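Engineer: Provided herewith: work.txt, compact mmCIF, C-alpha atoms and all ligand atoms.
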```txt
# COMPACT_ATOMS: atom_id res chain seq x y z
CA MET A 110 19.48 -23.56 -23.56
CA SER A 111 16.22 -24.20 -25.34
CA ILE A 112 14.63 -27.56 -25.92
CA ILE A 113 15.55 -27.49 -29.53
CA GLU A 114 19.16 -26.58 -28.87
CA LYS A 115 19.43 -29.51 -26.49
CA ALA A 116 17.87 -31.86 -29.00
CA ALA A 117 19.96 -30.59 -31.85
CA GLY A 118 23.04 -30.84 -29.65
CA LYS A 119 22.60 -34.60 -29.59
CA LEU A 120 23.09 -34.74 -33.30
CA ASP A 121 26.40 -35.29 -35.02
CA LYS A 122 26.78 -31.91 -36.60
CA GLU A 123 24.82 -28.80 -35.82
CA ARG A 124 25.16 -25.22 -36.94
CA LYS A 125 23.04 -22.36 -35.75
CA LEU A 126 22.14 -20.07 -38.60
CA GLY A 127 20.21 -17.32 -36.93
CA THR A 128 17.29 -16.16 -34.91
CA VAL A 129 14.97 -13.60 -36.35
CA GLN A 130 12.07 -11.52 -35.12
CA LEU A 131 8.57 -12.49 -36.15
CA ALA A 132 5.56 -11.20 -37.37
CA PRO A 133 2.49 -9.29 -36.61
CA GLU A 134 -0.68 -10.83 -35.27
CA VAL A 135 -2.48 -13.01 -37.73
CA SER A 136 -6.13 -13.88 -38.00
CA THR A 137 -7.54 -16.97 -39.63
CA ASN A 138 -10.70 -15.74 -41.26
CA LEU A 139 -10.48 -17.74 -44.44
CA SER A 140 -13.84 -17.47 -46.13
CA GLU A 141 -13.21 -15.44 -49.30
CA PRO A 142 -12.14 -17.67 -52.20
CA ALA A 143 -9.46 -16.86 -54.73
CA VAL A 144 -10.51 -15.72 -58.16
CA ARG A 145 -10.04 -18.22 -60.96
CA GLU A 146 -9.15 -16.40 -64.15
CA LYS A 147 -10.90 -17.31 -67.33
CA ASP A 148 -8.92 -19.97 -69.11
CA ASP A 149 -7.11 -18.62 -72.07
CA PRO A 150 -7.11 -21.33 -74.74
CA ALA A 151 -4.24 -19.63 -76.46
CA GLU A 152 -2.05 -20.11 -73.46
CA LYS A 153 -0.44 -23.46 -72.96
CA ASN A 154 0.92 -24.80 -69.70
CA ASP A 155 4.13 -25.55 -71.55
CA GLU A 156 6.50 -24.63 -68.79
CA LEU A 157 4.86 -27.15 -66.53
CA ARG A 158 4.23 -29.78 -69.11
CA PRO A 159 6.62 -32.61 -69.75
CA SER A 160 7.86 -33.02 -73.28
CA PRO A 161 5.26 -34.44 -75.71
CA ALA A 162 7.40 -37.54 -75.98
CA SER A 163 6.10 -38.59 -72.58
CA GLY A 164 2.59 -39.16 -73.99
CA THR A 165 2.21 -42.76 -75.09
CA PRO A 166 -0.53 -44.68 -76.86
CA ASP A 167 -1.32 -46.30 -73.52
CA ARG A 168 -1.26 -43.06 -71.65
CA PRO A 169 -1.97 -40.16 -74.00
CA LEU A 170 -1.57 -36.60 -72.87
CA SER A 171 -4.97 -35.49 -71.69
CA ALA A 172 -7.25 -33.00 -73.39
CA SER A 173 -6.61 -30.45 -70.69
CA VAL A 174 -3.36 -29.61 -72.44
CA LEU A 175 -5.31 -26.76 -74.03
CA THR A 176 -6.93 -25.49 -70.86
CA PRO A 177 -4.23 -24.73 -68.36
CA LYS A 178 -5.35 -23.58 -64.98
CA ARG A 179 -4.28 -20.26 -63.62
CA ILE A 180 -5.65 -18.64 -60.53
CA THR A 181 -5.28 -15.34 -58.77
CA LEU A 182 -4.52 -15.86 -55.11
CA ASN A 183 -6.40 -13.97 -52.44
CA HIS A 184 -3.60 -11.75 -51.18
CA THR A 185 -5.78 -10.07 -48.55
CA LYS A 186 -6.61 -13.39 -46.93
CA MET A 187 -3.03 -14.51 -47.17
CA ARG A 188 -1.82 -11.39 -45.37
CA GLU A 189 -4.44 -11.92 -42.67
CA TYR A 190 -3.06 -15.40 -42.21
CA GLY A 191 0.46 -14.00 -41.80
CA ILE A 192 1.70 -14.99 -45.25
CA VAL A 193 4.33 -12.97 -47.08
CA THR A 194 2.89 -11.29 -50.21
CA PRO A 195 4.63 -9.26 -52.94
CA ASP A 196 2.99 -5.92 -52.16
CA GLN A 197 4.16 -5.77 -48.53
CA GLY A 198 7.74 -4.67 -49.00
CA ARG A 199 10.37 -5.50 -46.40
CA THR A 200 8.44 -6.82 -43.44
CA GLN A 201 9.86 -8.65 -40.48
CA ILE A 202 8.31 -11.91 -41.52
CA ALA A 203 9.68 -11.56 -45.05
CA GLU A 204 13.14 -11.06 -43.55
CA GLN A 205 12.78 -14.16 -41.41
CA PHE A 206 11.89 -16.40 -44.30
CA ARG A 207 14.70 -14.88 -46.35
CA VAL A 208 17.10 -16.21 -43.71
CA ILE A 209 15.33 -19.57 -43.52
CA LYS A 210 15.32 -20.23 -47.27
CA ARG A 211 18.98 -19.47 -47.99
CA PRO A 212 20.54 -22.75 -46.82
CA LEU A 213 17.66 -24.72 -48.33
CA LEU A 214 18.35 -23.23 -51.75
CA THR A 215 22.09 -23.70 -51.42
CA ASN A 216 21.50 -27.37 -50.65
CA ALA A 217 18.89 -27.79 -53.37
CA PHE A 218 21.09 -26.63 -56.23
CA ASN A 219 24.56 -27.54 -55.09
CA LYS A 220 25.95 -29.59 -57.95
CA GLY A 221 29.48 -29.76 -56.56
CA PRO A 222 31.00 -31.79 -53.74
CA GLY A 223 28.46 -32.45 -51.00
CA MET A 224 25.62 -32.48 -53.51
CA ILE A 225 22.40 -33.72 -51.93
CA LYS A 226 20.36 -36.36 -53.71
CA ASN A 227 16.91 -34.99 -54.56
CA GLY A 228 17.92 -31.80 -52.75
CA ASN A 229 15.18 -29.88 -54.54
CA LEU A 230 12.51 -31.94 -52.72
CA ILE A 231 11.88 -30.21 -49.39
CA MET A 232 9.28 -31.41 -46.90
CA VAL A 233 8.07 -29.22 -44.06
CA THR A 234 6.86 -31.30 -41.16
CA SER A 235 6.51 -31.46 -37.38
CA ALA A 236 5.79 -33.92 -34.63
CA LEU A 237 2.20 -32.88 -33.98
CA ALA A 238 -0.68 -30.88 -35.45
CA GLY A 239 -0.85 -27.12 -35.10
CA GLU A 240 2.88 -26.45 -34.78
CA GLY A 241 3.00 -24.28 -37.90
CA LYS A 242 3.83 -26.63 -40.80
CA SER A 243 1.39 -25.11 -43.27
CA PHE A 244 2.21 -21.56 -42.16
CA CYS A 245 5.92 -22.15 -42.73
CA THR A 246 5.42 -24.10 -45.98
CA VAL A 247 3.38 -21.39 -47.65
CA ASN A 248 5.65 -18.61 -46.40
CA LEU A 249 8.74 -20.41 -47.63
CA ALA A 250 7.18 -21.07 -51.02
CA MET A 251 6.09 -17.44 -51.35
CA SER A 252 9.43 -16.13 -50.22
CA ILE A 253 11.35 -18.19 -52.78
CA ALA A 254 8.89 -17.53 -55.60
CA MET A 255 8.88 -13.78 -55.04
CA GLU A 256 12.58 -13.19 -54.91
CA MET A 257 14.57 -15.88 -56.58
CA ASP A 258 14.94 -16.83 -60.16
CA ARG A 259 13.50 -20.22 -59.32
CA THR A 260 10.12 -21.73 -59.94
CA VAL A 261 8.55 -23.17 -56.80
CA LEU A 262 6.07 -25.99 -56.78
CA LEU A 263 4.05 -26.05 -53.57
CA VAL A 264 2.57 -29.50 -52.91
CA ASP A 265 -0.13 -30.01 -50.30
CA ALA A 266 0.69 -33.52 -49.13
CA ASP A 267 -1.38 -33.24 -45.95
CA VAL A 268 -4.09 -35.11 -47.80
CA ALA A 269 -6.18 -35.92 -44.74
CA ARG A 270 -6.31 -32.30 -43.54
CA PRO A 271 -5.30 -30.03 -46.39
CA THR A 272 -5.05 -26.37 -45.35
CA VAL A 273 -3.09 -24.83 -48.21
CA PRO A 274 -6.34 -24.05 -50.11
CA LYS A 275 -7.68 -22.21 -47.06
CA ILE A 276 -4.52 -20.19 -46.62
CA LEU A 277 -4.39 -19.22 -50.30
CA GLY A 278 -8.16 -18.80 -50.61
CA LEU A 279 -8.71 -21.61 -53.11
CA GLY A 280 -11.67 -23.84 -53.76
CA THR A 281 -11.40 -27.58 -54.30
CA GLU A 282 -9.12 -28.43 -57.19
CA GLN A 283 -7.88 -31.68 -58.67
CA GLY A 284 -4.52 -32.60 -57.24
CA LEU A 285 -2.23 -35.19 -55.76
CA MET A 286 -4.83 -37.82 -54.87
CA ASP A 287 -6.41 -37.54 -58.30
CA ILE A 288 -3.14 -38.29 -60.10
CA LEU A 289 -2.48 -41.24 -57.83
CA LEU A 290 -5.97 -42.61 -58.46
CA ASP A 291 -6.31 -41.96 -62.18
CA ASP A 292 -3.72 -43.36 -64.59
CA ASN A 293 -4.98 -41.09 -67.32
CA LEU A 294 -4.13 -37.96 -65.38
CA ASP A 295 -0.67 -36.57 -65.79
CA LEU A 296 1.08 -34.35 -63.27
CA ALA A 297 0.92 -31.42 -65.67
CA ASP A 298 -2.87 -31.82 -65.93
CA VAL A 299 -3.41 -30.85 -62.31
CA LEU A 300 -0.69 -28.28 -61.70
CA ILE A 301 -2.10 -24.81 -61.14
CA LYS A 302 -0.26 -21.66 -62.10
CA THR A 303 -0.85 -18.59 -59.99
CA ASP A 304 -0.61 -14.84 -60.33
CA ILE A 305 2.74 -15.13 -58.57
CA GLU A 306 4.73 -15.83 -61.70
CA LYS A 307 7.10 -18.37 -60.18
CA LEU A 308 4.62 -20.14 -57.90
CA THR A 309 2.83 -23.29 -59.06
CA LEU A 310 0.52 -25.42 -56.91
CA LEU A 311 -0.29 -29.08 -56.60
CA THR A 312 -3.23 -29.35 -54.21
CA ALA A 313 -4.12 -32.43 -52.19
CA GLY A 314 -7.05 -33.11 -54.50
CA ARG A 315 -10.05 -35.20 -53.67
CA ARG A 316 -10.48 -36.75 -50.24
CA HIS A 317 -9.95 -40.48 -50.25
CA SER A 318 -10.40 -43.05 -47.53
CA HIS A 319 -7.12 -44.71 -48.47
CA SER A 320 -5.10 -41.53 -48.68
CA THR A 321 -2.47 -42.90 -46.30
CA GLU A 322 -1.88 -45.96 -48.44
CA LEU A 323 -1.83 -43.85 -51.58
CA LEU A 324 0.83 -41.54 -50.19
CA ALA A 325 2.94 -44.55 -49.30
CA SER A 326 2.29 -46.24 -52.66
CA GLN A 327 4.68 -46.99 -55.49
CA SER A 328 2.81 -44.47 -57.64
CA MET A 329 3.69 -41.78 -55.14
CA GLY A 330 7.31 -42.93 -55.15
CA ALA A 331 7.33 -42.70 -58.95
CA LEU A 332 5.77 -39.24 -58.80
CA LEU A 333 8.42 -38.03 -56.38
CA ARG A 334 11.17 -39.37 -58.62
CA GLU A 335 9.56 -37.58 -61.54
CA LEU A 336 9.42 -34.34 -59.55
CA ALA A 337 13.04 -34.64 -58.48
CA GLN A 338 14.35 -35.40 -61.97
CA ARG A 339 12.06 -33.76 -64.48
CA TYR A 340 11.68 -30.64 -62.37
CA ALA A 341 15.24 -30.61 -61.06
CA ASP A 342 15.58 -26.89 -61.72
CA ARG A 343 12.77 -25.94 -59.38
CA VAL A 344 12.16 -26.15 -55.68
CA VAL A 345 9.37 -28.54 -54.68
CA ILE A 346 8.06 -27.79 -51.18
CA PHE A 347 5.71 -30.24 -49.47
CA ASP A 348 3.29 -29.43 -46.68
CA SER A 349 2.85 -32.66 -44.76
CA PRO A 350 0.93 -34.47 -42.03
CA PRO A 351 2.36 -34.59 -38.50
CA LEU A 352 5.12 -37.17 -38.16
CA LEU A 353 4.14 -38.73 -34.86
CA LEU A 354 0.43 -38.93 -35.62
CA THR A 355 0.56 -40.51 -39.07
CA SER A 356 2.63 -43.07 -40.90
CA GLU A 357 2.58 -41.43 -44.32
CA ALA A 358 4.72 -38.48 -43.22
CA ARG A 359 7.50 -40.91 -42.34
CA VAL A 360 7.25 -42.64 -45.70
CA LEU A 361 7.38 -39.29 -47.50
CA ALA A 362 10.32 -38.19 -45.38
CA GLY A 363 12.34 -41.14 -46.65
CA GLN A 364 12.13 -39.80 -50.19
CA MET A 365 12.95 -36.16 -49.53
CA GLY A 366 16.29 -34.47 -50.11
CA GLN A 367 15.74 -32.03 -47.23
CA ILE A 368 13.37 -31.75 -44.30
CA VAL A 369 12.34 -28.65 -42.41
CA LEU A 370 11.20 -29.67 -38.94
CA VAL A 371 8.95 -27.11 -37.25
CA VAL A 372 9.04 -27.23 -33.46
CA GLU A 373 6.48 -25.24 -31.51
CA ALA A 374 8.13 -23.33 -28.69
CA GLU A 375 7.09 -24.13 -25.13
CA THR A 376 4.73 -26.85 -26.38
CA THR A 377 6.70 -29.64 -27.98
CA SER A 378 8.69 -31.54 -25.37
CA GLN A 379 12.34 -32.43 -25.73
CA GLN A 380 11.38 -36.11 -25.76
CA THR A 381 8.97 -35.49 -28.62
CA VAL A 382 11.59 -33.65 -30.63
CA LYS A 383 14.07 -36.49 -30.12
CA GLU A 384 11.54 -39.09 -31.16
CA THR A 385 10.63 -37.03 -34.22
CA LEU A 386 14.26 -36.70 -35.25
CA ARG A 387 14.58 -40.48 -34.98
CA GLN A 388 11.63 -40.89 -37.35
CA ILE A 389 13.37 -38.88 -40.04
CA GLU A 390 16.83 -40.35 -39.69
CA SER A 391 16.62 -41.53 -43.29
CA CYS A 392 16.89 -37.94 -44.53
CA ASP A 393 20.42 -36.56 -44.49
CA VAL A 394 19.54 -32.90 -44.20
CA VAL A 395 17.21 -31.72 -41.46
CA ASN A 396 16.61 -28.03 -40.84
CA LEU A 397 14.88 -26.95 -37.64
CA ILE A 398 12.56 -24.00 -37.15
CA TYR A 399 11.80 -23.03 -33.57
CA ASN A 400 8.38 -21.52 -34.11
CA LYS A 401 6.10 -19.25 -32.08
CA ALA A 402 8.75 -18.52 -29.47
CA ARG A 403 8.62 -15.40 -27.30
CA SER A 404 11.59 -13.06 -27.33
CA PHE A 405 12.57 -10.92 -24.35
CA SER A 406 10.78 -7.98 -25.92
CA GLY A 407 7.54 -9.94 -25.89
CA GLY A 408 7.43 -10.28 -29.67
CA GLU A 409 7.58 -13.58 -31.49
CA TYR A 410 10.50 -15.01 -33.37
CA TYR A 411 11.79 -18.03 -35.13
CA GLY A 412 15.00 -19.71 -34.17
CA TYR A 413 16.51 -21.54 -37.07
CA TYR A 414 19.01 -24.33 -36.79
CA TYR A 415 20.65 -26.50 -39.32
CA HIS A 416 21.66 -30.10 -39.02
CA GLU A 417 23.33 -32.24 -41.58
CA SER A 418 23.86 -35.84 -40.61
CA ALA A 419 25.27 -37.05 -43.90
N1 LIG B 1 4.89 -18.05 -36.40
C1 LIG B 1 3.57 -17.96 -36.28
N2 LIG B 1 3.00 -16.79 -35.93
C2 LIG B 1 1.68 -16.66 -35.78
N3 LIG B 1 0.81 -17.67 -35.98
C3 LIG B 1 1.31 -18.86 -36.35
C4 LIG B 1 2.71 -19.08 -36.53
N4 LIG B 1 2.89 -20.36 -36.88
C5 LIG B 1 1.67 -20.92 -36.93
N5 LIG B 1 0.72 -20.03 -36.63
C6 LIG B 1 -0.73 -20.26 -36.54
O1 LIG B 1 -0.93 -21.47 -35.80
C7 LIG B 1 -2.02 -22.20 -36.35
C8 LIG B 1 -1.56 -23.59 -36.73
O2 LIG B 1 -0.62 -23.47 -37.79
P1 LIG B 1 -0.59 -24.46 -39.02
O3 LIG B 1 0.46 -23.99 -39.94
O4 LIG B 1 -1.95 -24.67 -39.58
O5 LIG B 1 -0.14 -25.80 -38.24
P2 LIG B 1 0.08 -27.27 -38.82
O6 LIG B 1 0.11 -27.18 -40.30
O7 LIG B 1 1.39 -27.71 -38.23
O8 LIG B 1 -1.06 -28.10 -38.29
C9 LIG B 1 -2.54 -21.40 -37.53
O9 LIG B 1 -3.64 -20.62 -37.11
C10 LIG B 1 -1.36 -20.51 -37.90
O10 LIG B 1 -1.77 -19.30 -38.49
MG MG B 2 -1.08 -28.05 -41.75
```
Mind converting the file's structure to structure tokens?

Structural biologist:
Amino acid sequence: MSIIEKAAGKLDKERKLGTVQLAPEVSTNLSEPAVREKDDPAEKNDELRPSPASGTPDRPLSASVLTPKRITLNHTKMREYGIVTPDQGRTQIAEQFRVIKRPLLTNAFNKGPGMIKNGNLIMVTSALAGEGKSFCTVNLAMSIAMEMDRTVLLVDADVARPTVPKILGLGTEQGLMDILLDDNLDLADVLIKTDIEKLTLLTAGRRHSHSTELLASQSMGALLRELAQRYADRVVIFDSPPLLLTSEARVLAGQMGQIVLVVEAETTSQQTVKETLRQIESCDVVNLIYNKARSFSGGEYYGYYYHESA
């Protein structure tokens, strides 16, 4: 029995959903930036923009309403990093994330009995750094955006060490921190559309010495409520800081509908997993990914487990 099975076995309810083979070798040469397309003034970011009624005399909609951002992601770099891209066809890694996303989507849009509050807000986290949070976040977002009739908003909430721009080949863009710091900026002002039709980004934005406090602030709470309600028809996936090394991940976890907990095989101890699960007790739905594990054939695979403590 693996560490994660033992840990999950301590929980009230646990259901194993599958174990799938992983992925080719990846490299992390991330130098080439994505291409930003010329802004087309004729195109409005309407899909992402709240209704005009939300602009008020105190807080008018900003001028950028006419200059939506749209970028072309660097698919070559993404593939090198092990990220699923549309032109790859049916790869092993694409299959794995297909399995992983299914229960998340069922939970996110279940409007019947057992409906999960803010189920469309999904945070990917882990106990420590380097376990594969960002890798899994971007792959999940890509997988959902490429195949489902759902718009995905990928939020880089690891504001102290943002890696989503590196993985996607982006430069520095305005993002989460900028909205929290500037009352005149609206969420729709900083959302970035991509060449993947259904994938929209909210980057971490500018570095700030009080990023921890900002993530735990009331403004952030209000933003999350806005995301859950105004964008209820889309999946919002958050990359996050490590739970045991920061306090903001715990605060964020308390406001999520679902959490995906990445556990690095043969590295994260059982004790660490237990402690991490305690930190996220406030979230009713926790999904576990057993990452970077070796199969008998010597390849790598994910084990995926599902736990609902509601
Ligand atoms: N399943 C995997 N297969 C291959 N490499 C992986 C896998 N998961 C993570 N990695 C690699 O491990 C490193 C750390 O992953 P990352 O997602 O940045 O961790 P975190 O966000 O938890 O700090 C990266 O180089 C990433 O490409
Ligand atoms: Mg990361």

Engineer: Nearest to Val264 of chain A among A:Val299, A:Leu289, A:Leu310, A:Ile231, with distances taken over all atoms listed in the file: which residue is it?

Structural biologist: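 When distances to Val264 of chain A are compared using all atoms listed in the file, the smallest one comes from A:Leu310.
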
Engineer: Return the single residue from A:Ala236, A:Leu285, A:Arg211, A:Val372 that is closest to Glu384 of chain A, with distances computed using all atoms listed in the file.

Structural biologist: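 When distances to Glu384 of chain A are compared using all atoms listed in the file, the smallest one comes from A:Ala236.
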
Engineer: Given the choices A:Ala358, A:Met365, A:Ala337, A:Ile276, which gets closest to Glu189 of chain A if the distance is worked out from only C-alpha atoms?

Structural biologist: A:Ile276

Engineer: Taking only C-alpha atoms into account, name the residue in A:Arg343, A:Lys275, A:Arg403, A:Lys178 that is nearest to Tyr190 of chain A.

Structural biologist: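 For Tyr190 of chain A, the nearest of the candidates is A:Lys275.
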
Engineer: Do you know which residues are within 6 Å of ligand LIG 1 (chain B) using all atoms listed in the file? Can you write them as a ChimeraX atom specification?

Structural biologist: /A:135,137,190,238-244,400-401

Engineer: May I ask which of the residues A:Ala362, A:Leu354, A:Leu277, A:Leu213 is the closest one to Ala325 of chain A, counting all atoms listed in the file?

Structural biologist: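 Ranked by minimum distance to Ala325 of chain A, first place goes to A:Ala362.
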